Amino acid sequence: MEVRSSLRELTVLLEPQSDHEASARREEPPDETADEAIAQANLGLLYAQRAEGDRSQNWESAIAAFEDALSALTRESHPEEWAAAQMHLGVAYRDRLAGEPLRKPGTAIRAFENCLLVWMRKRYPEQWAAARMNLGIACWERLAGDPSENHERAIGGFEDSSRCGRQRTTRRTGPPSR
């Protein structure tokens, strides 16, 4: 009986299929472009964390690597990797030593806002909180624009991040005992 069942399954698999069904069953080829982009993002992380050499040049190399990664990754095809690369790019721009002080936070802010397009609070609470915190830091350090508006945006990011951390702690440990 078991052999017949297996033969039926095999027969179904070998029957001619529509083009749509056949293409759905074919294995997708590896996405070498995405793999290369992820490797570039990892290289950017290494440059950002590198202790040797010229710190300013390390940040510039990190930024170039993250931008190279983002030239191949899209939000639609690789949303998590794209968001992570945006986050790393934002941190690199925020912490870079070279460049115009007025531009640095603005570029970092755009990168943090981009990663928040993917990292939604309910689905990615830890990443969302980290992005909100980094956005807050970049807004606080921003010299361009209205200082009180920048500080209000920063405080909003800090509060969001703090609330998310408290909610995670409460869920893990439960309410305080009396």
# chains A, B, ... in the order shown; residues from 1 in each chain; ligands from 1
call {"tool": "select_by_dssp", "arguments": {"residues": "region 50-135 of chain A", "states": "helix (DSSP H, G or I)", "output": "ChimeraX atom specification"}}
result
/A:55-72,79-95,103-116,125-135
call {"tool": "write_last_selection", "arguments": {"atoms": "C-alpha atoms", "output": "tab-separated table (two decimals), in the first residue's frame"}}
result
chain	number	residue	atom	x	y	z
A	55	ARG	CA	39.78	56.84	11.85
A	56	SER	CA	38.49	59.42	9.39
A	57	GLN	CA	39.48	57.26	6.42
A	58	ASN	CA	37.93	54.19	8.08
A	59	TRP	CA	34.58	56.00	8.36
A	60	GLU	CA	34.80	57.14	4.72
A	61	SER	CA	35.55	53.55	3.64
A	62	ALA	CA	32.61	52.29	5.73
A	63	ILE	CA	30.27	54.82	4.12
A	64	ALA	CA	31.45	53.85	0.64
A	65	ALA	CA	30.90	50.15	1.41
A	66	PHE	CA	27.38	50.76	2.78
A	67	GLU	CA	26.49	52.90	-0.23
A	68	ASP	CA	27.82	50.18	-2.56
A	69	ALA	CA	25.67	47.61	-0.75
A	70	LEU	CA	22.60	49.84	-1.05
A	71	SER	CA	23.17	50.30	-4.78
A	72	ALA	CA	22.42	46.57	-5.18
A	79	PRO	CA	13.93	44.43	2.92
A	80	GLU	CA	15.74	43.27	6.06
A	81	GLU	CA	19.21	43.55	4.55
A	82	TRP	CA	18.31	46.92	3.00
A	83	ALA	CA	17.07	48.23	6.36
A	84	ALA	CA	20.21	47.01	8.15
A	85	ALA	CA	22.45	48.65	5.55
A	86	GLN	CA	20.45	51.90	5.90
A	87	MET	CA	20.91	51.76	9.69
A	88	HIS	CA	24.65	51.19	9.38
A	89	LEU	CA	24.93	54.00	6.82
A	90	GLY	CA	23.08	56.34	9.18
A	91	VAL	CA	25.43	55.54	12.06
A	92	ALA	CA	28.46	55.97	9.80
A	93	TYR	CA	27.26	59.37	8.57
A	94	ARG	CA	26.38	60.46	12.10
A	95	ASP	CA	29.79	59.44	13.49
A	103	ARG	CA	25.07	67.80	6.25
A	104	LYS	CA	26.07	64.86	8.42
A	105	PRO	CA	22.97	64.61	10.64
A	106	GLY	CA	20.60	65.29	7.74
A	107	THR	CA	22.03	62.39	5.74
A	108	ALA	CA	21.99	60.18	8.82
A	109	ILE	CA	18.37	61.15	9.56
A	110	ARG	CA	17.29	60.13	6.06
A	111	ALA	CA	19.00	56.74	6.45
A	112	PHE	CA	17.33	56.12	9.84
A	113	GLU	CA	13.95	57.14	8.45
A	114	ASN	CA	14.51	54.74	5.54
A	115	CYS	CA	15.19	51.75	7.78
A	116	LEU	CA	12.01	52.56	9.74
A	125	PRO	CA	10.62	45.88	18.07
A	126	GLU	CA	14.34	45.80	18.90
A	127	GLN	CA	15.47	47.10	15.51
A	128	TRP	CA	12.71	49.71	15.55
A	129	ALA	CA	13.79	50.92	19.00
A	130	ALA	CA	17.44	51.11	17.93
A	131	ALA	CA	16.52	53.05	14.79
A	132	ARG	CA	14.33	55.45	16.80
A	133	MET	CA	17.18	55.99	19.30
A	134	ASN	CA	19.69	56.65	16.50
A	135	LEU	CA	17.21	58.98	14.81
call {"tool": "atom_distance", "arguments": {"atom1": "CA of Ser148 (chain A)", "atom2": "CA of Arg96 (chain A)"}}
result
24.2 Å
call {"tool": "closest_residue", "arguments": {"among": "A:Leu73, A:Ala138, A:Gly53, A:Glu149", "to": "Ala39 (chain A)", "atoms": "only C-alpha atoms"}}
result
A:Leu73
call {"tool": "closest_residue", "arguments": {"among": "A:His78, A:Trp140, A:Tyr124, A:Leu117", "to": "Thr33 (chain A)", "atoms": "only C-alpha atoms"}}
result
A:His78
call {"tool": "atom_distance", "arguments": {"atom1": "CA of Val118 (chain A)", "atom2": "CA of Asp160 (chain A)"}}
result
16.6 Å
call {"tool": "closest_residue", "arguments": {"among": "A:Leu46, A:Arg123, A:Ala51, A:Ser77", "to": "Ala34 (chain A)", "atoms": "only C-alpha atoms"}}
result
A:Ser77
